[in-house]
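Asks: What follows is my_file-v3.tsv, made up of TSV, C-alpha atoms and all ligand atoms:
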chain	number	residue	atom	x	y	z
A	15	MET	CA	161.15	33.46	133.29
A	16	GLN	CA	162.85	30.08	132.91
A	17	ASP	CA	163.32	28.44	129.51
A	18	TYR	CA	160.04	26.54	129.13
A	19	HIS	CA	161.59	23.83	126.96
A	20	SER	CA	164.13	22.82	129.61
A	21	LEU	CA	161.45	22.21	132.27
A	22	SER	CA	160.08	18.87	133.36
A	23	GLN	CA	156.36	18.13	132.96
A	24	THR	CA	155.70	18.86	136.65
A	25	GLU	CA	157.64	22.12	136.48
A	26	ARG	CA	155.71	23.15	133.36
A	27	GLU	CA	152.40	22.55	135.09
A	28	ALA	CA	153.53	24.51	138.15
A	29	LEU	CA	154.68	27.36	135.91
A	30	ARG	CA	151.36	27.36	134.03
A	31	ARG	CA	149.43	27.53	137.31
A	32	ASP	CA	151.62	30.36	138.53
A	33	LEU	CA	151.21	32.35	135.29
A	34	GLN	CA	147.46	31.73	135.23
A	35	ALA	CA	147.22	33.08	138.80
A	36	GLN	CA	149.19	36.19	137.81
A	37	TYR	CA	146.97	36.69	134.77
A	38	ASP	CA	143.77	36.20	136.79
A	39	ALA	CA	144.97	38.80	139.29
A	40	ILE	CA	145.48	41.32	136.49
A	41	ALA	CA	142.12	40.48	134.89
A	42	ALA	CA	140.42	40.91	138.27
A	43	ASN	CA	141.24	44.64	138.07
A	44	ASN	CA	138.54	44.89	135.37
A	45	LEU	CA	140.65	47.35	133.42
A	46	LYS	CA	139.23	49.08	130.35
A	47	LEU	CA	142.35	50.75	128.93
A	48	ASP	CA	142.09	52.64	125.64
A	49	MET	CA	144.90	51.01	123.70
A	50	SER	CA	143.98	52.50	120.28
A	51	ARG	CA	147.26	52.96	118.51
A	52	GLY	CA	148.63	56.42	117.93
A	53	LYS	CA	146.09	58.17	120.13
A	54	PRO	CA	147.56	60.82	122.45
A	55	GLY	CA	146.46	60.91	126.09
A	56	ALA	CA	144.43	63.78	127.57
A	57	ASP	CA	147.60	65.14	129.23
A	58	GLN	CA	149.22	65.37	125.79
A	59	LEU	CA	146.18	67.11	124.30
A	60	ALA	CA	146.32	69.63	127.14
A	61	LEU	CA	149.77	70.72	125.92
A	62	SER	CA	148.04	72.49	123.02
A	63	SER	CA	144.96	73.83	124.81
A	64	ALA	CA	146.43	77.33	124.97
A	65	MET	CA	146.05	77.47	121.17
A	66	LEU	CA	142.32	77.73	121.62
A	67	ASP	CA	142.35	81.16	123.28
A	68	SER	CA	140.70	84.25	121.85
A	69	ALA	CA	143.83	85.80	120.25
A	70	LEU	CA	142.47	84.96	116.80
A	71	LEU	CA	139.42	87.15	117.37
A	72	GLU	CA	141.64	90.11	118.11
A	73	ASN	CA	143.71	89.60	114.98
A	74	PRO	CA	142.43	87.10	112.42
A	75	LYS	CA	144.80	88.35	109.73
A	76	ALA	CA	147.73	86.48	108.22
A	77	GLU	CA	151.12	88.21	108.03
A	78	ASN	CA	150.28	89.31	104.47
A	79	GLY	CA	147.14	91.03	105.77
A	80	PHE	CA	144.70	88.40	104.49
A	81	ASP	CA	141.62	88.02	106.70
A	82	CYS	CA	141.63	84.31	107.54
A	83	ARG	CA	137.94	84.35	108.44
A	84	ASN	CA	137.15	84.55	104.75
A	85	TYR	CA	137.46	82.40	101.62
A	86	GLY	CA	140.77	82.42	99.75
A	87	LEU	CA	144.40	81.29	99.93
A	88	MET	CA	143.52	77.85	98.61
A	89	GLU	CA	147.10	76.60	99.08
A	90	GLY	CA	147.08	77.73	102.70
A	91	VAL	CA	148.17	80.65	104.86
A	92	PRO	CA	151.76	81.50	103.85
A	93	GLU	CA	153.21	81.25	107.37
A	94	THR	CA	151.47	77.87	107.79
A	95	ARG	CA	152.99	76.61	104.55
A	96	ALA	CA	156.32	77.77	105.96
A	97	LEU	CA	155.63	75.93	109.23
A	98	LEU	CA	154.82	72.66	107.45
A	99	GLY	CA	157.84	73.32	105.25
A	100	ARG	CA	160.02	73.47	108.38
A	101	LEU	CA	158.69	70.05	109.39
A	102	MET	CA	159.37	68.55	105.97
A	103	ASP	CA	162.47	70.64	105.26
A	104	LEU	CA	160.93	72.12	102.11
A	105	PRO	CA	160.45	75.71	100.91
A	106	PRO	CA	156.89	77.03	101.51
A	107	GLU	CA	156.11	77.18	97.79
A	108	GLN	CA	156.62	73.42	97.61
A	109	VAL	CA	154.06	72.83	100.37
A	110	ILE	CA	150.28	73.07	100.40
A	111	ALA	CA	148.73	73.54	103.83
A	112	SER	CA	145.45	71.72	103.78
A	113	GLY	CA	142.78	70.39	106.12
A	114	ASN	CA	142.99	68.27	109.21
A	115	SER	CA	144.27	64.98	107.84
A	116	SER	CA	147.30	63.67	105.98
A	117	LEU	CA	145.42	60.44	105.36
A	118	THR	CA	142.89	62.40	103.29
A	119	LEU	CA	145.77	63.96	101.34
A	120	MET	CA	147.19	60.52	100.56
A	121	PHE	CA	143.78	59.15	99.60
A	122	ASP	CA	143.10	62.14	97.35
A	123	TYR	CA	146.53	61.96	95.74
A	124	ILE	CA	146.09	58.29	94.88
A	125	ALA	CA	142.56	59.02	93.62
A	126	GLN	CA	144.08	61.73	91.41
A	127	CYS	CA	146.57	59.21	89.95
A	128	VAL	CA	143.86	56.58	89.46
A	129	LEU	CA	141.47	58.99	87.73
A	130	PHE	CA	143.80	61.35	85.90
A	131	GLY	CA	147.21	59.69	86.01
A	132	ALA	CA	150.57	60.91	87.23
A	133	GLY	CA	151.67	62.57	84.03
A	134	GLY	CA	150.66	59.52	81.97
A	135	ILE	CA	147.67	57.27	81.35
A	136	PRO	CA	145.26	57.23	84.34
A	137	TRP	CA	146.13	54.27	86.52
A	138	ALA	CA	142.50	53.10	86.26
A	139	LYS	CA	142.95	52.73	82.50
A	140	GLN	CA	146.15	50.70	82.72
A	141	GLU	CA	145.61	46.98	82.50
A	142	LYS	CA	147.66	46.08	85.54
A	143	ILE	CA	149.19	48.16	88.28
A	144	SER	CA	150.61	47.44	91.73
A	145	PHE	CA	152.24	49.21	94.69
A	146	LEU	CA	155.21	48.31	96.86
A	147	CYS	CA	154.44	48.20	100.58
A	148	PRO	CA	157.17	47.86	103.19
A	149	VAL	CA	155.81	45.54	105.89
A	150	PRO	CA	154.95	45.64	108.65
A	151	GLY	CA	153.49	49.05	107.92
A	152	TYR	CA	150.55	51.34	108.57
A	153	ASP	CA	147.26	49.45	108.11
A	154	ARG	CA	145.38	52.52	106.85
A	155	HIS	CA	147.84	52.92	103.96
A	156	PHE	CA	146.91	49.42	102.91
A	157	THR	CA	143.21	50.22	103.33
A	158	ILE	CA	143.57	53.09	100.83
A	159	LEU	CA	145.23	50.84	98.26
A	160	GLN	CA	142.67	48.11	98.88
A	161	HIS	CA	139.87	50.66	98.42
A	162	PHE	CA	141.16	51.48	94.94
A	163	GLY	CA	141.74	47.81	94.13
A	164	ILE	CA	145.49	48.33	93.79
A	165	PRO	CA	147.37	45.06	94.42
A	166	MET	CA	150.08	45.36	97.08
A	167	ILE	CA	153.52	43.79	96.94
A	168	PRO	CA	154.95	43.29	100.44
A	169	ILE	CA	158.57	44.36	100.90
A	170	PRO	CA	160.21	43.16	104.13
A	171	MET	CA	161.54	45.87	106.44
A	172	ARG	CA	165.18	45.45	107.46
A	173	GLU	CA	166.99	47.34	110.22
A	174	GLU	CA	167.95	50.14	107.78
A	175	GLY	CA	164.60	50.36	105.96
A	176	PRO	CA	162.86	48.33	103.25
A	177	ASP	CA	164.72	45.61	101.35
A	178	MET	CA	166.30	47.68	98.58
A	179	ALA	CA	167.52	44.74	96.52
A	180	LEU	CA	163.92	43.58	96.19
A	181	ILE	CA	162.63	47.09	95.43
A	182	THR	CA	165.30	47.63	92.78
A	183	GLN	CA	164.23	44.39	91.14
A	184	TYR	CA	160.49	45.16	91.28
A	185	VAL	CA	160.72	48.66	89.80
A	186	ARG	CA	162.07	47.18	86.56
A	187	ASP	CA	158.44	46.17	85.96
A	188	GLU	CA	156.48	49.12	84.60
A	189	THR	CA	153.23	47.91	86.19
A	190	VAL	CA	154.79	48.77	89.59
A	191	LYS	CA	153.54	52.32	90.06
A	192	GLY	CA	154.98	53.30	93.39
A	193	MET	CA	155.47	52.69	97.06
A	194	ILE	CA	153.82	53.92	100.25
A	195	CYS	CA	155.99	54.13	103.35
A	196	VAL	CA	156.71	55.81	106.69
A	197	PRO	CA	160.41	56.71	106.57
A	198	LYS	CA	160.84	57.84	110.18
A	199	TYR	CA	159.85	55.93	113.34
A	200	SER	CA	157.68	53.74	111.11
A	201	ASN	CA	154.58	51.96	112.32
A	202	PRO	CA	154.77	49.57	114.08
A	203	GLU	CA	158.50	49.04	114.63
A	204	GLY	CA	159.76	52.59	115.07
A	205	LYS	CA	162.46	52.15	112.42
A	206	THR	CA	164.01	55.03	110.46
A	207	PHE	CA	165.34	54.64	106.92
A	208	SER	CA	169.12	55.04	106.89
A	209	GLU	CA	170.84	57.65	104.74
A	210	ALA	CA	172.02	54.91	102.37
A	211	VAL	CA	168.48	53.58	101.93
A	212	VAL	CA	167.05	57.07	101.30
A	213	ARG	CA	169.77	57.66	98.70
A	214	GLN	CA	168.96	54.34	97.03
A	215	ILE	CA	165.24	55.16	96.94
A	216	ALA	CA	166.03	58.58	95.47
A	217	ALA	CA	168.26	56.98	92.82
A	218	LEU	CA	165.68	54.42	91.66
A	219	LYS	CA	165.13	54.43	87.92
A	220	PRO	CA	161.73	52.76	87.66
A	221	ALA	CA	160.44	51.46	84.35
A	222	ALA	CA	157.11	53.22	85.08
A	223	LYS	CA	157.35	56.88	84.05
A	224	ASP	CA	154.41	57.60	86.34
A	225	PHE	CA	156.07	56.14	89.45
A	226	ARG	CA	155.16	57.79	92.78
A	227	VAL	CA	156.40	57.23	96.32
A	228	ILE	CA	154.06	58.40	99.06
A	229	TRP	CA	156.53	59.52	101.74
A	230	ASP	CA	154.37	59.66	104.86
A	231	ASN	CA	156.52	61.61	107.29
A	232	ALA	CA	153.93	61.47	110.07
A	233	TYR	CA	156.55	61.15	112.81
A	234	CYS	CA	159.13	63.68	111.58
A	235	VAL	CA	159.48	65.48	114.94
A	236	HIS	CA	158.19	62.77	117.27
A	237	ASP	CA	161.38	61.96	119.17
A	238	LEU	CA	161.24	60.17	122.50
A	239	GLU	CA	164.79	61.16	123.44
A	240	SER	CA	166.49	64.56	123.25
A	241	GLU	CA	168.46	63.38	120.20
A	242	THR	CA	166.59	62.78	116.97
A	243	VAL	CA	167.30	59.90	114.60
A	244	PRO	CA	168.23	61.76	111.42
A	245	LEU	CA	166.31	61.20	108.19
A	246	LEU	CA	167.80	62.46	104.95
A	247	ASN	CA	165.57	64.88	103.03
A	248	ILE	CA	164.22	62.78	100.16
A	249	PHE	CA	163.91	65.77	97.84
A	250	GLU	CA	167.50	66.77	98.44
A	251	ALA	CA	168.64	63.23	97.65
A	252	ALA	CA	166.31	63.07	94.62
A	253	SER	CA	167.67	66.35	93.23
A	254	GLU	CA	170.99	64.57	92.60
A	255	HIS	CA	169.22	62.21	90.21
A	256	GLY	CA	166.48	64.44	88.78
A	257	THR	CA	163.82	62.18	90.37
A	258	GLU	CA	162.01	64.80	92.51
A	259	ASP	CA	158.75	64.15	90.67
A	260	HIS	CA	158.67	60.59	92.02
A	261	PHE	CA	158.04	61.78	95.57
A	262	VAL	CA	155.00	63.14	97.36
A	263	GLU	CA	155.49	63.82	101.06
A	264	VAL	CA	152.80	64.32	103.68
A	265	THR	CA	152.81	65.19	107.34
A	266	SER	CA	150.38	66.50	109.92
A	267	PHE	CA	149.95	67.97	113.37
A	268	SER	CA	147.64	65.15	114.46
A	269	LYS	CA	150.15	63.95	117.04
A	270	ILE	CA	151.54	67.39	117.79
A	271	THR	CA	148.36	69.25	118.65
A	272	PHE	CA	144.93	67.64	118.17
A	273	PRO	CA	144.24	64.45	116.17
A	274	GLY	CA	141.42	65.26	113.78
A	275	ALA	CA	141.72	68.97	114.51
A	276	GLY	CA	145.31	69.68	113.56
A	277	ILE	CA	146.63	70.71	110.16
A	278	ALA	CA	148.08	68.58	107.39
A	279	GLY	CA	150.44	69.39	104.55
A	280	ILE	CA	151.58	67.92	101.27
A	281	GLY	CA	155.05	68.59	99.90
A	282	ALA	CA	156.22	67.88	96.37
A	283	SER	CA	158.23	69.08	93.38
A	284	PRO	CA	157.02	72.32	91.72
A	285	ALA	CA	155.46	70.29	88.86
A	286	ASN	CA	153.58	68.00	91.26
A	287	ILE	CA	152.49	70.92	93.46
A	288	ALA	CA	151.00	72.57	90.36
A	289	ALA	CA	149.07	69.39	89.50
A	290	ILE	CA	147.86	68.88	93.09
A	291	SER	CA	146.88	72.54	93.35
A	292	ALA	CA	144.88	72.36	90.08
A	293	ARG	CA	142.92	69.39	91.40
A	294	MET	CA	142.37	70.99	94.84
A	295	ASN	CA	141.15	74.13	93.15
A	296	ALA	CA	138.24	72.10	91.79
A	297	GLN	CA	137.76	70.44	95.15
A	298	THR	CA	137.67	73.31	97.65
A	299	ILE	CA	137.68	77.09	97.96
A	300	SER	CA	139.95	77.06	100.97
A	301	ALA	CA	140.93	75.07	104.03
A	302	ASP	CA	140.31	76.11	107.64
A	303	LYS	CA	142.67	79.06	107.66
A	304	LEU	CA	141.84	80.01	111.23
A	305	ASN	CA	143.33	76.71	112.25
A	306	HIS	CA	146.28	77.41	109.95
A	307	LEU	CA	146.82	80.70	111.70
A	308	ARG	CA	146.42	79.18	115.16
A	309	HIS	CA	149.13	76.63	114.39
A	310	ALA	CA	151.48	79.12	112.71
A	311	ARG	CA	151.32	81.44	115.73
A	312	TYR	CA	151.67	78.68	118.31
A	313	PHE	CA	154.71	77.26	116.52
A	314	ALA	CA	156.42	80.41	115.34
A	315	SER	CA	159.88	78.79	115.23
A	316	SER	CA	161.60	75.41	114.99
A	317	ASP	CA	162.59	75.84	118.64
A	318	ALA	CA	158.91	76.14	119.60
A	319	ILE	CA	158.15	72.84	117.84
A	320	ARG	CA	161.12	71.14	119.50
A	321	ALA	CA	160.15	72.42	122.97
A	322	HIS	CA	156.56	71.26	122.47
A	323	MET	CA	157.64	67.80	121.28
A	324	GLN	CA	159.92	67.44	124.28
A	325	LYS	CA	156.85	67.93	126.47
A	326	HIS	CA	155.14	65.08	124.60
A	327	ALA	CA	158.28	62.99	125.03
A	328	ALA	CA	158.35	63.66	128.77
A	329	ILE	CA	154.85	62.16	129.00
A	330	LEU	CA	155.45	59.27	126.60
A	331	ARG	CA	158.99	58.24	127.60
A	332	PRO	CA	158.08	56.74	131.00
A	333	LYS	CA	155.25	54.77	129.38
A	334	PHE	CA	157.58	53.32	126.77
A	335	ARG	CA	160.16	52.56	129.46
A	336	THR	CA	157.59	50.81	131.65
A	337	VAL	CA	156.56	48.52	128.81
A	338	LEU	CA	160.16	47.81	127.80
A	339	LYS	CA	161.19	47.14	131.40
A	340	ARG	CA	158.33	44.71	131.81
A	341	PHE	CA	159.17	42.89	128.57
A	342	GLU	CA	162.80	42.70	129.68
A	343	GLN	CA	161.82	41.39	133.09
A	344	ASP	CA	159.27	38.81	131.96
A	345	LEU	CA	160.12	37.86	128.40
A	346	SER	CA	163.88	38.08	127.97
A	347	ASP	CA	164.63	34.46	128.95
A	348	GLY	CA	163.63	31.62	126.70
A	349	ASN	CA	164.10	33.60	123.51
A	350	PHE	CA	160.46	33.27	122.50
A	351	ALA	CA	159.60	36.95	122.07
A	352	GLN	CA	161.37	39.90	120.47
A	353	TRP	CA	160.46	43.52	120.63
A	354	THR	CA	161.63	46.87	119.28
A	355	ASN	CA	163.09	49.71	121.31
A	356	PRO	CA	162.13	52.77	119.26
A	357	LYS	CA	163.63	56.22	119.70
A	358	GLY	CA	160.48	57.96	118.54
A	359	GLY	CA	156.98	57.55	117.18
A	360	TYR	CA	154.15	55.80	118.92
A	361	PHE	CA	154.78	52.09	118.79
A	362	ILE	CA	156.66	49.22	120.32
A	363	SER	CA	156.33	46.10	118.22
A	364	LEU	CA	156.24	42.74	120.00
A	365	ASN	CA	156.82	39.58	118.01
A	366	VAL	CA	155.61	36.32	119.55
A	367	PRO	CA	156.12	32.80	118.12
A	368	ASN	CA	154.12	31.77	115.07
A	369	GLY	CA	150.57	30.90	115.98
A	370	CYS	CA	150.56	32.88	119.25
A	371	ALA	CA	149.59	36.40	118.09
A	372	LYS	CA	145.81	35.92	118.14
A	373	ARG	CA	145.90	34.30	121.57
A	374	THR	CA	148.17	37.07	122.93
A	375	VAL	CA	145.76	39.74	121.69
A	376	GLU	CA	142.81	37.78	123.05
A	377	LEU	CA	144.43	37.54	126.49
A	378	CYS	CA	145.19	41.28	126.46
A	379	LYS	CA	141.62	42.03	125.43
A	380	ASN	CA	140.16	39.86	128.18
A	381	ALA	CA	142.40	41.59	130.72
A	382	GLY	CA	141.07	44.97	129.59
B	401	LIG	N1	150.25	58.36	108.83
B	401	LIG	C1	150.69	57.56	109.82
B	401	LIG	C2	151.97	56.84	109.63
B	401	LIG	C3	149.94	57.41	111.00
B	401	LIG	O1	150.39	56.60	111.96
B	401	LIG	C4	148.73	58.12	111.14
B	401	LIG	C5	147.90	57.97	112.33
B	401	LIG	O2	148.13	57.21	113.22
B	401	LIG	C6	148.31	58.93	110.08
B	401	LIG	C7	149.10	59.04	108.95
B	401	LIG	C8	147.03	59.69	110.12
B	401	LIG	O3	147.33	61.03	110.16
B	401	LIG	P1	146.23	62.17	109.99
B	401	LIG	O4	145.56	62.32	111.29
B	401	LIG	O5	147.05	63.34	109.60
B	401	LIG	O6	145.29	61.74	108.90
Could you render the structure as structure tokens?

Replies:
Amino acid sequence: MQDYHSLSQTEREALRRDLQAQYDAIAANNLKLDMSRGKPGADQLALSSAMLDSALLENPKAENGFDCRNYGLMEGVPETRALLGRLMDLPPEQVIASGNSSLTLMFDYIAQCVLFGAGGIPWAKQEKISFLCPVPGYDRHFTILQHFGIPMIPIPMREEGPDMALITQYVRDETVKGMICVPKYSNPEGKTFSEAVVRQIAALKPAAKDFRVIWDNAYCVHDLESETVPLLNIFEAASEHGTEDHFVEVTSFSKITFPGAGIAGIGASPANIAAISARMNAQTISADKLNHLRHARYFASSDAIRAHMQKHAAILRPKFRTVLKRFEQDLSDGNFAQWTNPKGGYFISLNVPNGCAKRTVELCKNAG
């Protein structure tokens, strides 16, 4: 496209007519595409269908002999804790394998801090608290904080991760209780925190003794290319500073197997796992261990996870490339739009000039 600003009035009108005609032609297709973010296609769901065979009926027992059809093993089937531990790079005893949703785990963890505190006075009983939120970020994280009435402090995302100078300054205030973030292939820009940023987060010495970072590693194995973008293990980095208790990590199989019918896990320091486990013990007798078992058997090794994720990537990559190619073709001149080129995750972020976002979304909506 030509630079709009360098065109004469007549040329602008001709261009507008031409673009309107192109748009009308697309709208005439009466498309009704499901563009819900982070929702795998049916072909991706089919990659996991073989999990739903009858093998469980023949042997519903965990490796330790526990019959997974029954109550028990509140912290999860051992091999499933190990599987989630492989995803988060944590030993099984520092992981609880839970239900179907990491969002629920995050909600419950924050509820636990609000009601009972994080080793201190319950957050609900403290006069003022707030949370740091790298932005743009995941809207449902913000919904959780909003639900609990926790004020959010936006922290701009840079290429390497959130603005650490700002974070370092904010954590000197003891009313700042933590941060919620997606460290790898973050929504919606697909950025991964650099090693230096992870080390800086691990080294933070917040004024709040009950400081917690919710490390939502939802996209830990969701590479679009054969090479992954490395993310330093936050607990390893934290162990150099004795700050392991500041971090609570979650992940899930929602975008590996079945969203809403996968498994989710929470990883933390031994002290935090004990506190989470004590709360869960009052909350449930056990999770769906048949699903735990199904996942542990389907993904018996790290290679099995990698091979499965490469199948997802083979489906997703051409879609990402099509969008990027189209942006490049139609939007690269004129310097009025910028977009990200992520190496993993589920999102390409498109930035349009101030004041144009609503209209862009409206036009997309009207075109189906
Ligand atoms: N965390 C992030 C960053 C997500 O993008 C999503 C879903 O899109 C979730 C969590 C929700 O995960 P779950 O299905 O495990 O609740």

Asks: Dump as JSON lines the rows for residues of segment 260-307 of chain A within 10 Å of segment 52-57 of chain A: closest atom pair and distance in Å with one decimal, all atoms listed in the file counted, ordered by chain and rising residue number.

Replies:
{"residue": "A:Ser268", "atom": "CA", "partner": "A:Pro54", "partner_atom": "CA", "distance": 9.1}
{"residue": "A:Lys269", "atom": "CA", "partner": "A:Pro54", "partner_atom": "CA", "distance": 6.8}
{"residue": "A:Ile270", "atom": "CA", "partner": "A:Pro54", "partner_atom": "CA", "distance": 9.0}
{"residue": "A:Thr271", "atom": "CA", "partner": "A:Pro54", "partner_atom": "CA", "distance": 9.3}
{"residue": "A:Phe272", "atom": "CA", "partner": "A:Pro54", "partner_atom": "CA", "distance": 8.5}
{"residue": "A:Pro273", "atom": "CA", "partner": "A:Lys53", "partner_atom": "CA", "distance": 7.7}

Asks: Kindly assemble as a Markdown table a list of the chain A residues that lie within 9 Å of ligand LIG 401 (chain B), each paired with its nearest atom pair and their distance in Å to one decimal, using all atoms listed in the file, sorted first by chain and then by ascending residue number.

Replies:
| residue | atom | partner | partner_atom | distance |
| --- | --- | --- | --- | --- |
| A:Arg51 | CA | B:LIG401 | O2 | 6.8 |
| A:Gly52 | CA | B:LIG401 | O2 | 4.8 |
| A:Lys53 | CA | B:LIG401 | O2 | 7.3 |
| A:Gly113 | CA | B:LIG401 | O5 | 8.9 |
| A:Asn114 | CA | B:LIG401 | O5 | 6.4 |
| A:Ser115 | CA | B:LIG401 | O6 | 3.6 |
| A:Ser116 | CA | B:LIG401 | O5 | 3.6 |
| A:Leu117 | CA | B:LIG401 | O6 | 3.8 |
| A:Thr118 | CA | B:LIG401 | O6 | 6.1 |
| A:Leu119 | CA | B:LIG401 | O6 | 7.9 |
| A:Met120 | CA | B:LIG401 | O6 | 8.6 |
| A:Gly151 | CA | B:LIG401 | C2 | 8.1 |
| A:Tyr152 | CA | B:LIG401 | C2 | 5.8 |
| A:Asp153 | CA | B:LIG401 | O1 | 8.7 |
| A:Arg154 | CA | B:LIG401 | C6 | 7.8 |
| A:His155 | CA | B:LIG401 | N1 | 7.7 |
| A:Cys195 | CA | B:LIG401 | C2 | 7.9 |
| A:Val196 | CA | B:LIG401 | C2 | 5.7 |
| A:Pro197 | CA | B:LIG401 | C2 | 9.0 |
| A:Lys198 | CA | B:LIG401 | C2 | 8.9 |
| A:Tyr199 | CA | B:LIG401 | C2 | 8.8 |
| A:Ser200 | CA | B:LIG401 | C2 | 6.7 |
| A:Asn201 | CA | B:LIG401 | C2 | 6.2 |
| A:Pro202 | CA | B:LIG401 | O1 | 8.5 |
| A:Asp230 | CA | B:LIG401 | N1 | 5.9 |
| A:Asn231 | CA | B:LIG401 | C2 | 7.0 |
| A:Ala232 | CA | B:LIG401 | N1 | 5.0 |
| A:Tyr233 | CA | B:LIG401 | C2 | 7.0 |
| A:Val264 | CA | B:LIG401 | N1 | 8.3 |
| A:Thr265 | CA | B:LIG401 | O5 | 6.5 |
| A:Ser266 | CA | B:LIG401 | O5 | 4.6 |
| A:Phe267 | CA | B:LIG401 | O5 | 6.6 |
| A:Ser268 | CA | B:LIG401 | O4 | 4.7 |
| A:Lys269 | CA | B:LIG401 | O4 | 7.5 |
| A:Phe272 | CA | B:LIG401 | O4 | 8.7 |
| A:Pro273 | CA | B:LIG401 | O4 | 5.5 |
| A:Gly274 | CA | B:LIG401 | O4 | 5.7 |
| A:Ala275 | CA | B:LIG401 | O4 | 8.3 |
| A:Gly276 | CA | B:LIG401 | O5 | 7.7 |
| A:Ile277 | CA | B:LIG401 | O5 | 7.4 |
| A:Ala278 | CA | B:LIG401 | O5 | 5.8 |
| A:Gly279 | CA | B:LIG401 | O5 | 8.6 |
| A:Gly359 | CA | B:LIG401 | O1 | 8.5 |
| A:Tyr360 | CA | B:LIG401 | O1 | 8.0 |

Asks: Let me see the file: selected residues, C-alpha atoms, as a short mmCIF file (atom, residue, chain, number, x, y, z; two decimals), keeping the file's coordinate frame.

Replies:
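Listing of out-v2.cif after writing:
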data_model
loop_
_atom_site.label_atom_id
_atom_site.label_comp_id
_atom_site.auth_asym_id
_atom_site.auth_seq_id
_atom_site.Cartn_x
_atom_site.Cartn_y
_atom_site.Cartn_z
CA ARG A 51 147.26 52.96 118.51
CA GLY A 52 148.63 56.42 117.93
CA LYS A 53 146.09 58.17 120.13
CA GLY A 113 142.78 70.39 106.12
CA ASN A 114 142.99 68.27 109.21
CA SER A 115 144.27 64.98 107.84
CA SER A 116 147.30 63.67 105.98
CA LEU A 117 145.42 60.44 105.36
CA THR A 118 142.89 62.40 103.29
CA LEU A 119 145.77 63.96 101.34
CA MET A 120 147.19 60.52 100.56
CA GLY A 151 153.49 49.05 107.92
CA TYR A 152 150.55 51.34 108.57
CA ASP A 153 147.26 49.45 108.11
CA ARG A 154 145.38 52.52 106.85
CA HIS A 155 147.84 52.92 103.96
CA CYS A 195 155.99 54.13 103.35
CA VAL A 196 156.71 55.81 106.69
CA PRO A 197 160.41 56.71 106.57
CA LYS A 198 160.84 57.84 110.18
CA TYR A 199 159.85 55.93 113.34
CA SER A 200 157.68 53.74 111.11
CA ASN A 201 154.58 51.96 112.32
CA PRO A 202 154.77 49.57 114.08
CA ASP A 230 154.37 59.66 104.86
CA ASN A 231 156.52 61.61 107.29
CA ALA A 232 153.93 61.47 110.07
CA TYR A 233 156.55 61.15 112.81
CA VAL A 264 152.80 64.32 103.68
CA THR A 265 152.81 65.19 107.34
CA SER A 266 150.38 66.50 109.92
CA PHE A 267 149.95 67.97 113.37
CA SER A 268 147.64 65.15 114.46
CA LYS A 269 150.15 63.95 117.04
CA PHE A 272 144.93 67.64 118.17
CA PRO A 273 144.24 64.45 116.17
CA GLY A 274 141.42 65.26 113.78
CA ALA A 275 141.72 68.97 114.51
CA GLY A 276 145.31 69.68 113.56
CA ILE A 277 146.63 70.71 110.16
CA ALA A 278 148.08 68.58 107.39
CA GLY A 279 150.44 69.39 104.55
CA GLY A 359 156.98 57.55 117.18
CA TYR A 360 154.15 55.80 118.92
#

Asks: Can you tell me, as a short mmCIF file (atom, residue, chain, number, x, y, z; two decimals) with C-alpha atoms, keeping the file's coordinate frame, what residues are no more than 12 Å from segment 66-74 of chain A when counting only C-alpha atoms, ignoring any on the same chain fewer than 3 positions away?

Replies:
data_model
loop_
_atom_site.label_atom_id
_atom_site.label_comp_id
_atom_site.auth_asym_id
_atom_site.auth_seq_id
_atom_site.Cartn_x
_atom_site.Cartn_y
_atom_site.Cartn_z
CA LEU A 59 146.18 67.11 124.30
CA ALA A 60 146.32 69.63 127.14
CA LEU A 61 149.77 70.72 125.92
CA SER A 62 148.04 72.49 123.02
CA SER A 63 144.96 73.83 124.81
CA GLU A 77 151.12 88.21 108.03
CA ASN A 78 150.28 89.31 104.47
CA GLY A 79 147.14 91.03 105.77
CA PHE A 80 144.70 88.40 104.49
CA ASP A 81 141.62 88.02 106.70
CA CYS A 82 141.63 84.31 107.54
CA ARG A 83 137.94 84.35 108.44
CA ASN A 84 137.15 84.55 104.75
CA VAL A 91 148.17 80.65 104.86
CA THR A 271 148.36 69.25 118.65
CA PHE A 272 144.93 67.64 118.17
CA ALA A 275 141.72 68.97 114.51
CA GLY A 276 145.31 69.68 113.56
CA LYS A 303 142.67 79.06 107.66
CA LEU A 304 141.84 80.01 111.23
CA ASN A 305 143.33 76.71 112.25
CA HIS A 306 146.28 77.41 109.95
CA LEU A 307 146.82 80.70 111.70
CA ARG A 308 146.42 79.18 115.16
CA HIS A 309 149.13 76.63 114.39
CA ALA A 310 151.48 79.12 112.71
CA ARG A 311 151.32 81.44 115.73
CA TYR A 312 151.67 78.68 118.31
#

Asks: For a quick check of understanding, using only C-alpha atoms, which of A:Ala289, A:Ile215, A:Met294, A:Leu129 has the smallest distance to His255 of chain A?

Replies: A:Ile215

Asks: Which one of A:Leu364, A:Thr189, A:Leu330, A:Tyr37 sits closest to Lys139 of chain A if you count only C-alpha atoms?

Replies: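 Going through A:Leu364, A:Thr189, A:Leu330, A:Tyr37 one by one, the smallest distance to Lys139 of chain A is for A:Thr189.
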